[in-house]
$ cat work19.pdb   # PDB, N, CA and C atoms
ATOM      1  N   MET A1401       0.808  -1.193   0.000
ATOM      2  CA  MET A1401       0.000   0.000   0.000
ATOM      3  C   MET A1401       0.854   1.261   0.000
ATOM      4  N   ASP A1402       2.099   1.178   0.396
ATOM      5  CA  ASP A1402       2.954   2.346   0.413
ATOM      6  C   ASP A1402       3.315   2.804  -0.997
ATOM      7  N   ASP A1403       3.109   1.933  -1.997
ATOM      8  CA  ASP A1403       3.446   2.295  -3.365
ATOM      9  C   ASP A1403       2.404   3.209  -3.990
ATOM     10  N   GLN A1404       1.203   3.280  -3.406
ATOM     11  CA  GLN A1404       0.155   4.121  -3.967
ATOM     12  C   GLN A1404       0.450   5.585  -3.652
ATOM     13  N   PRO A1405       0.255   6.454  -4.631
ATOM     14  CA  PRO A1405       0.486   7.884  -4.372
ATOM     15  C   PRO A1405      -0.547   8.430  -3.402
ATOM     16  N   GLN A1406      -0.098   9.266  -2.511
ATOM     17  CA  GLN A1406      -0.981   9.871  -1.524
ATOM     18  C   GLN A1406      -1.375  11.263  -1.990
ATOM     19  N   GLY A1407      -2.475  11.772  -1.431
ATOM     20  CA  GLY A1407      -2.913  13.118  -1.754
ATOM     21  C   GLY A1407      -2.058  14.149  -1.042
ATOM     22  N   VAL A1408      -2.276  15.383  -1.387
ATOM     23  CA  VAL A1408      -1.516  16.489  -0.817
ATOM     24  C   VAL A1408      -1.766  16.588   0.685
ATOM     25  N   VAL A1409      -3.024  16.378   1.096
ATOM     26  CA  VAL A1409      -3.364  16.483   2.520
ATOM     27  C   VAL A1409      -2.654  15.394   3.310
ATOM     28  N   ALA A1410      -2.663  14.176   2.796
ATOM     29  CA  ALA A1410      -2.008  13.071   3.490
ATOM     30  C   ALA A1410      -0.500  13.298   3.585
ATOM     31  N   GLN A1411       0.091  13.840   2.533
ATOM     32  CA  GLN A1411       1.527  14.134   2.560
ATOM     33  C   GLN A1411       1.824  15.241   3.565
ATOM     34  N   GLY A1412       0.940  16.229   3.644
ATOM     35  CA  GLY A1412       1.122  17.306   4.619
ATOM     36  C   GLY A1412       1.031  16.796   6.036
ATOM     37  N   ILE A1413       0.091  15.899   6.301
ATOM     38  CA  ILE A1413      -0.043  15.328   7.642
ATOM     39  C   ILE A1413       1.188  14.500   7.986
ATOM     40  N   ASP A1414       1.687  13.732   7.035
ATOM     41  CA  ASP A1414       2.907  12.947   7.273
ATOM     42  C   ASP A1414       4.091  13.864   7.581
ATOM     43  N   LEU A1415       4.203  14.959   6.839
ATOM     44  CA  LEU A1415       5.296  15.904   7.061
ATOM     45  C   LEU A1415       5.200  16.534   8.440
ATOM     46  N   LEU A1416       3.987  16.933   8.851
ATOM     47  CA  LEU A1416       3.807  17.518  10.183
ATOM     48  C   LEU A1416       4.146  16.505  11.274
ATOM     49  N   GLY A1417       3.788  15.251  11.048
ATOM     50  CA  GLY A1417       4.122  14.213  12.021
ATOM     51  C   GLY A1417       5.626  14.028  12.150
ATOM     52  N   LYS A1418       6.321  14.055  11.031
ATOM     53  CA  LYS A1418       7.777  13.919  11.059
ATOM     54  C   LYS A1418       8.428  15.122  11.724
ATOM     55  N   LEU A1419       7.934  16.334  11.409
ATOM     56  CA  LEU A1419       8.488  17.538  12.036
ATOM     57  C   LEU A1419       8.221  17.559  13.535
ATOM     58  N   GLY A1420       7.000  17.170  13.921
ATOM     59  CA  GLY A1420       6.656  17.150  15.344
ATOM     60  C   GLY A1420       7.507  16.173  16.122
ATOM     61  N   GLY A1421       7.885  15.067  15.502
ATOM     62  CA  GLY A1421       8.715  14.082  16.175
ATOM     63  C   GLY A1421      10.172  14.492  16.255
ATOM     64  N   SER A1422      10.602  15.334  15.336
ATOM     65  CA  SER A1422      12.014  15.697  15.302
ATOM     66  C   SER A1422      12.323  16.974  16.074
ATOM     67  N   LEU A1423      11.315  17.800  16.348
ATOM     68  CA  LEU A1423      11.549  19.043  17.068
ATOM     69  C   LEU A1423      11.534  18.812  18.577
ATOM     70  N   PRO A1424      12.345  19.554  19.312
ATOM     71  CA  PRO A1424      12.342  19.399  20.766
ATOM     72  C   PRO A1424      11.020  19.921  21.362
ATOM     73  N   PRO A1425      10.582  19.357  22.467
ATOM     74  CA  PRO A1425       9.315  19.765  23.079
ATOM     75  C   PRO A1425       9.280  21.247  23.469
ATOM     76  N   VAL A1426      10.424  21.796  23.847
ATOM     77  CA  VAL A1426      10.466  23.209  24.226
ATOM     78  C   VAL A1426      10.128  24.087  23.030
ATOM     79  N   PHE A1427      10.618  23.728  21.864
ATOM     80  CA  PHE A1427      10.320  24.501  20.659
ATOM     81  C   PHE A1427       8.844  24.413  20.316
ATOM     82  N   LEU A1428       8.260  23.234  20.456
ATOM     83  CA  LEU A1428       6.832  23.087  20.184
ATOM     84  C   LEU A1428       6.003  23.908  21.163
ATOM     85  N   MET A1429       6.425  23.951  22.432
ATOM     86  CA  MET A1429       5.720  24.754  23.424
ATOM     87  C   MET A1429       5.837  26.241  23.092
ATOM     88  N   LEU A1430       7.012  26.674  22.666
ATOM     89  CA  LEU A1430       7.211  28.064  22.261
ATOM     90  C   LEU A1430       6.332  28.401  21.057
ATOM     91  N   LEU A1431       6.228  27.480  20.121
ATOM     92  CA  LEU A1431       5.374  27.675  18.955
ATOM     93  C   LEU A1431       3.913  27.811  19.378
ATOM     94  N   LEU A1432       3.482  26.998  20.306
ATOM     95  CA  LEU A1432       2.111  27.063  20.804
ATOM     96  C   LEU A1432       1.851  28.389  21.512
ATOM     97  N   ILE A1433       2.794  28.840  22.336
ATOM     98  CA  ILE A1433       2.647  30.111  23.042
ATOM     99  C   ILE A1433       2.580  31.259  22.035
ATOM    100  N   ASN A1434       3.409  31.229  21.011
ATOM    101  CA  ASN A1434       3.387  32.275  19.990
ATOM    102  C   ASN A1434       2.066  32.295  19.230
ATOM    103  N   MET A1435       1.539  31.132  18.914
ATOM    104  CA  MET A1435       0.259  31.063  18.219
ATOM    105  C   MET A1435      -0.853  31.625  19.099
ATOM    106  N   LEU A1436      -0.826  31.309  20.387
ATOM    107  CA  LEU A1436      -1.807  31.838  21.325
ATOM    108  C   LEU A1436      -1.698  33.357  21.416
ATOM    109  N   PHE A1437      -0.475  33.867  21.513
ATOM    110  CA  PHE A1437      -0.252  35.304  21.587
ATOM    111  C   PHE A1437      -0.771  36.007  20.331
ATOM    112  N   LEU A1438      -0.448  35.469  19.167
ATOM    113  CA  LEU A1438      -0.914  36.079  17.918
ATOM    114  C   LEU A1438      -2.438  36.041  17.816
ATOM    115  N   GLY A1439      -3.043  34.960  18.274
ATOM    116  CA  GLY A1439      -4.501  34.882  18.275
ATOM    117  C   GLY A1439      -5.122  35.953  19.156
ATOM    118  N   LEU A1440      -4.543  36.153  20.339
ATOM    119  CA  LEU A1440      -5.054  37.194  21.239
ATOM    120  C   LEU A1440      -4.856  38.592  20.654
ATOM    121  N   VAL A1441      -3.718  38.832  20.036
ATOM    122  CA  VAL A1441      -3.469  40.138  19.427
ATOM    123  C   VAL A1441      -4.460  40.395  18.287
ATOM    124  N   LEU A1442      -4.687  39.402  17.445
ATOM    125  CA  LEU A1442      -5.629  39.576  16.342
ATOM    126  C   LEU A1442      -7.048  39.789  16.859
ATOM    127  N   TRP A1443      -7.429  39.074  17.938
ATOM    128  CA  TRP A1443      -8.739  39.274  18.538
ATOM    129  C   TRP A1443      -8.857  40.700  19.077
ATOM    130  N   PHE A1444      -7.823  41.193  19.746
ATOM    131  CA  PHE A1444      -7.833  42.543  20.305
ATOM    132  C   PHE A1444      -7.957  43.591  19.201
ATOM    133  N   ILE A1445      -7.189  43.422  18.138
ATOM    134  CA  ILE A1445      -7.236  44.377  17.027
ATOM    135  C   ILE A1445      -8.619  44.372  16.375
ATOM    136  N   ASP A1446      -9.187  43.192  16.184
ATOM    137  CA  ASP A1446     -10.522  43.095  15.592
ATOM    138  C   ASP A1446     -11.555  43.786  16.470
ATOM    139  N   ASP A1447     -11.459  43.595  17.774
ATOM    140  CA  ASP A1447     -12.390  44.231  18.706
ATOM    141  C   ASP A1447     -12.254  45.751  18.659
ATOM    142  N   GLN A1448     -11.022  46.246  18.607
ATOM    143  CA  GLN A1448     -10.798  47.687  18.540
ATOM    144  C   GLN A1448     -11.353  48.282  17.249
ATOM    145  N   ILE A1449     -11.136  47.601  16.146
ATOM    146  CA  ILE A1449     -11.649  48.088  14.860
ATOM    147  C   ILE A1449     -13.173  48.124  14.880
ATOM    148  N   GLN A1450     -13.783  47.107  15.458
ATOM    149  CA  GLN A1450     -15.240  47.059  15.537
ATOM    150  C   GLN A1450     -15.776  48.203  16.390
ATOM    151  N   GLN A1451     -15.139  48.479  17.523
ATOM    152  CA  GLN A1451     -15.580  49.583  18.382
ATOM    153  C   GLN A1451     -15.422  50.921  17.675
ATOM    154  N   ARG A1452     -14.329  51.107  16.992
ATOM    155  CA  ARG A1452     -14.108  52.370  16.278
ATOM    156  C   ARG A1452     -15.099  52.551  15.136
ATOM    157  N   THR A1453     -15.415  51.467  14.450
ATOM    158  CA  THR A1453     -16.383  51.536  13.362
ATOM    159  C   THR A1453     -17.756  51.943  13.896
ATOM    160  N   GLU A1454     -18.160  51.353  15.021
ATOM    161  CA  GLU A1454     -19.442  51.714  15.620
ATOM    162  C   GLU A1454     -19.458  53.176  16.045
ATOM    163  N   LEU A1455     -18.367  53.661  16.600
ATOM    164  CA  LEU A1455     -18.282  55.059  17.019
ATOM    165  C   LEU A1455     -18.381  56.004  15.818
ATOM    166  N   VAL A1456     -17.680  55.685  14.747
ATOM    167  CA  VAL A1456     -17.732  56.513  13.540
ATOM    168  C   VAL A1456     -19.139  56.508  12.953
ATOM    169  N   GLU A1457     -19.798  55.343  12.955
ATOM    170  CA  GLU A1457     -21.170  55.277  12.447
ATOM    171  C   GLU A1457     -22.094  56.182  13.256
ATOM    172  N   LYS A1458     -21.945  56.180  14.583
ATOM    173  CA  LYS A1458     -22.774  57.035  15.433
ATOM    174  C   LYS A1458     -22.513  58.506  15.154
ATOM    175  N   VAL A1459     -21.241  58.876  14.990
ATOM    176  CA  VAL A1459     -20.897  60.268  14.716
ATOM    177  C   VAL A1459     -21.468  60.699  13.370
ATOM    178  N   ILE A1460     -21.343  59.867  12.364
ATOM    179  CA  ILE A1460     -21.864  60.203  11.031
ATOM    180  C   ILE A1460     -23.379  60.320  11.062
ATOM    181  N   GLU A1461     -24.051  59.384  11.758
ATOM    182  CA  GLU A1461     -25.509  59.449  11.860
ATOM    183  C   GLU A1461     -25.939  60.740  12.563
ATOM    184  N   HIS A1462     -25.220  61.121  13.616
ATOM    185  CA  HIS A1462     -25.573  62.331  14.347
ATOM    186  C   HIS A1462     -25.347  63.575  13.475
ATOM    187  N   CYS A1463     -24.299  63.571  12.690
ATOM    188  CA  CYS A1463     -24.008  64.719  11.830
ATOM    189  C   CYS A1463     -25.015  64.845  10.693
ATOM    190  N   LEU A1464     -25.554  63.728  10.225
ATOM    191  CA  LEU A1464     -26.494  63.756   9.117
ATOM    192  C   LEU A1464     -27.914  64.110   9.551
ATOM    193  N   LYS A1465     -28.189  64.125  10.859
ATOM    194  CA  LYS A1465     -29.542  64.455  11.338
ATOM    195  C   LYS A1465     -29.838  65.907  11.181
TER     196      LYS A1465
END

$ encode --input "work19.pdb" --output "structure tokens"
Amino acid sequence: MDDQPQGVVAQGIDLLGKLGGSLPPVFLMLLLINMLFLGLVLWFIDDQIQQRTELVEKVIEHCLK
């Protein structure tokens, strides 16, 4: 069965498995912490943009009255 060509997704999963096994656990933990940090930063930026958009909409509506 190993002679059959695999799809791109299966090859990607195999590659991630090989990389995960070869990297030290500390590096994987650092990668996880960085991903968490970036997720929080993106969430914060999205929230700020949403608040500013709502404020601008209110100001424009008030000016157009």

$ closest_residue --input "work19.pdb" --among "A:Glu1461, A:Asp1446, A:Val1409, A:Leu1416" --to "Leu1428 of chain A" --atoms "only C-alpha atoms"
A:Leu1416

$ atom_distance --input "work19.pdb" --atom1 "atom C of Gly1417 of chain A" --atom2 "atom N of Leu1431 of chain A"
15.6 Å

$ axis_aligned_box --input "work19.pdb" --around "segment 1406-1409 of chain A" --padding-each-side "4 Å" --output "AutoDock Vina command-line options"
--center_x -1.7 --center_y 12.9 --center_z 0.4 --size_x 11.3 --size_y 15.3 --size_z 13.8

$ atom_distance --input "work19.pdb" --atom1 "atom C of Leu1438 of chain A" --atom2 "atom CA of Lys1458 of chain A"
29.3 Å

$ atom_distance --input "work19.pdb" --atom1 "atom C of Cys1463 of chain A" --atom2 "atom N of Gln1448 of chain A"
24.6 Å

$ select_by_dssp --input "work19.pdb" --residues "chain A" --states "alpha helix (DSSP H)" --output "number ranges by chain"
A: 1408-1422, 1425-1464

$ decode --input "work19.pdb" --residues "chain A" --atoms "C-alpha atoms" --output "PDB file, in the first residue's frame"
ATOM      1  CA  MET A1401       0.000   0.000   0.000  1.00  0.00           C
ATOM      2  CA  ASP A1402       2.954   2.346   0.413  1.00  0.00           C
ATOM      3  CA  ASP A1403       3.446   2.295  -3.365  1.00  0.00           C
ATOM      4  CA  GLN A1404       0.155   4.121  -3.967  1.00  0.00           C
ATOM      5  CA  PRO A1405       0.486   7.884  -4.372  1.00  0.00           C
ATOM      6  CA  GLN A1406      -0.981   9.871  -1.524  1.00  0.00           C
ATOM      7  CA  GLY A1407      -2.913  13.118  -1.754  1.00  0.00           C
ATOM      8  CA  VAL A1408      -1.516  16.489  -0.817  1.00  0.00           C
ATOM      9  CA  VAL A1409      -3.364  16.483   2.520  1.00  0.00           C
ATOM     10  CA  ALA A1410      -2.008  13.071   3.490  1.00  0.00           C
ATOM     11  CA  GLN A1411       1.527  14.134   2.560  1.00  0.00           C
ATOM     12  CA  GLY A1412       1.122  17.306   4.619  1.00  0.00           C
ATOM     13  CA  ILE A1413      -0.043  15.328   7.642  1.00  0.00           C
ATOM     14  CA  ASP A1414       2.907  12.947   7.273  1.00  0.00           C
ATOM     15  CA  LEU A1415       5.296  15.904   7.061  1.00  0.00           C
ATOM     16  CA  LEU A1416       3.807  17.518  10.183  1.00  0.00           C
ATOM     17  CA  GLY A1417       4.122  14.213  12.021  1.00  0.00           C
ATOM     18  CA  LYS A1418       7.777  13.919  11.059  1.00  0.00           C
ATOM     19  CA  LEU A1419       8.488  17.538  12.036  1.00  0.00           C
ATOM     20  CA  GLY A1420       6.656  17.150  15.344  1.00  0.00           C
ATOM     21  CA  GLY A1421       8.715  14.082  16.175  1.00  0.00           C
ATOM     22  CA  SER A1422      12.014  15.697  15.302  1.00  0.00           C
ATOM     23  CA  LEU A1423      11.549  19.043  17.068  1.00  0.00           C
ATOM     24  CA  PRO A1424      12.342  19.399  20.766  1.00  0.00           C
ATOM     25  CA  PRO A1425       9.315  19.765  23.079  1.00  0.00           C
ATOM     26  CA  VAL A1426      10.466  23.209  24.226  1.00  0.00           C
ATOM     27  CA  PHE A1427      10.320  24.501  20.659  1.00  0.00           C
ATOM     28  CA  LEU A1428       6.832  23.087  20.184  1.00  0.00           C
ATOM     29  CA  MET A1429       5.720  24.754  23.424  1.00  0.00           C
ATOM     30  CA  LEU A1430       7.211  28.064  22.261  1.00  0.00           C
ATOM     31  CA  LEU A1431       5.374  27.675  18.955  1.00  0.00           C
ATOM     32  CA  LEU A1432       2.111  27.063  20.804  1.00  0.00           C
ATOM     33  CA  ILE A1433       2.647  30.111  23.042  1.00  0.00           C
ATOM     34  CA  ASN A1434       3.387  32.275  19.990  1.00  0.00           C
ATOM     35  CA  MET A1435       0.259  31.063  18.219  1.00  0.00           C
ATOM     36  CA  LEU A1436      -1.807  31.838  21.325  1.00  0.00           C
ATOM     37  CA  PHE A1437      -0.252  35.304  21.587  1.00  0.00           C
ATOM     38  CA  LEU A1438      -0.914  36.079  17.918  1.00  0.00           C
ATOM     39  CA  GLY A1439      -4.501  34.882  18.275  1.00  0.00           C
ATOM     40  CA  LEU A1440      -5.054  37.194  21.239  1.00  0.00           C
ATOM     41  CA  VAL A1441      -3.469  40.138  19.427  1.00  0.00           C
ATOM     42  CA  LEU A1442      -5.629  39.576  16.342  1.00  0.00           C
ATOM     43  CA  TRP A1443      -8.739  39.274  18.538  1.00  0.00           C
ATOM     44  CA  PHE A1444      -7.833  42.543  20.305  1.00  0.00           C
ATOM     45  CA  ILE A1445      -7.236  44.377  17.027  1.00  0.00           C
ATOM     46  CA  ASP A1446     -10.522  43.095  15.592  1.00  0.00           C
ATOM     47  CA  ASP A1447     -12.390  44.231  18.706  1.00  0.00           C
ATOM     48  CA  GLN A1448     -10.798  47.687  18.540  1.00  0.00           C
ATOM     49  CA  ILE A1449     -11.649  48.088  14.860  1.00  0.00           C
ATOM     50  CA  GLN A1450     -15.240  47.059  15.537  1.00  0.00           C
ATOM     51  CA  GLN A1451     -15.580  49.583  18.382  1.00  0.00           C
ATOM     52  CA  ARG A1452     -14.108  52.370  16.278  1.00  0.00           C
ATOM     53  CA  THR A1453     -16.383  51.536  13.362  1.00  0.00           C
ATOM     54  CA  GLU A1454     -19.442  51.714  15.620  1.00  0.00           C
ATOM     55  CA  LEU A1455     -18.282  55.059  17.019  1.00  0.00           C
ATOM     56  CA  VAL A1456     -17.732  56.513  13.540  1.00  0.00           C
ATOM     57  CA  GLU A1457     -21.170  55.277  12.447  1.00  0.00           C
ATOM     58  CA  LYS A1458     -22.774  57.035  15.433  1.00  0.00           C
ATOM     59  CA  VAL A1459     -20.897  60.268  14.716  1.00  0.00           C
ATOM     60  CA  ILE A1460     -21.864  60.203  11.031  1.00  0.00           C
ATOM     61  CA  GLU A1461     -25.509  59.449  11.860  1.00  0.00           C
ATOM     62  CA  HIS A1462     -25.573  62.331  14.347  1.00  0.00           C
ATOM     63  CA  CYS A1463     -24.008  64.719  11.830  1.00  0.00           C
ATOM     64  CA  LEU A1464     -26.494  63.756   9.117  1.00  0.00           C
ATOM     65  CA  LYS A1465     -29.542  64.455  11.338  1.00  0.00           C
TER      66      LYS A1465
END
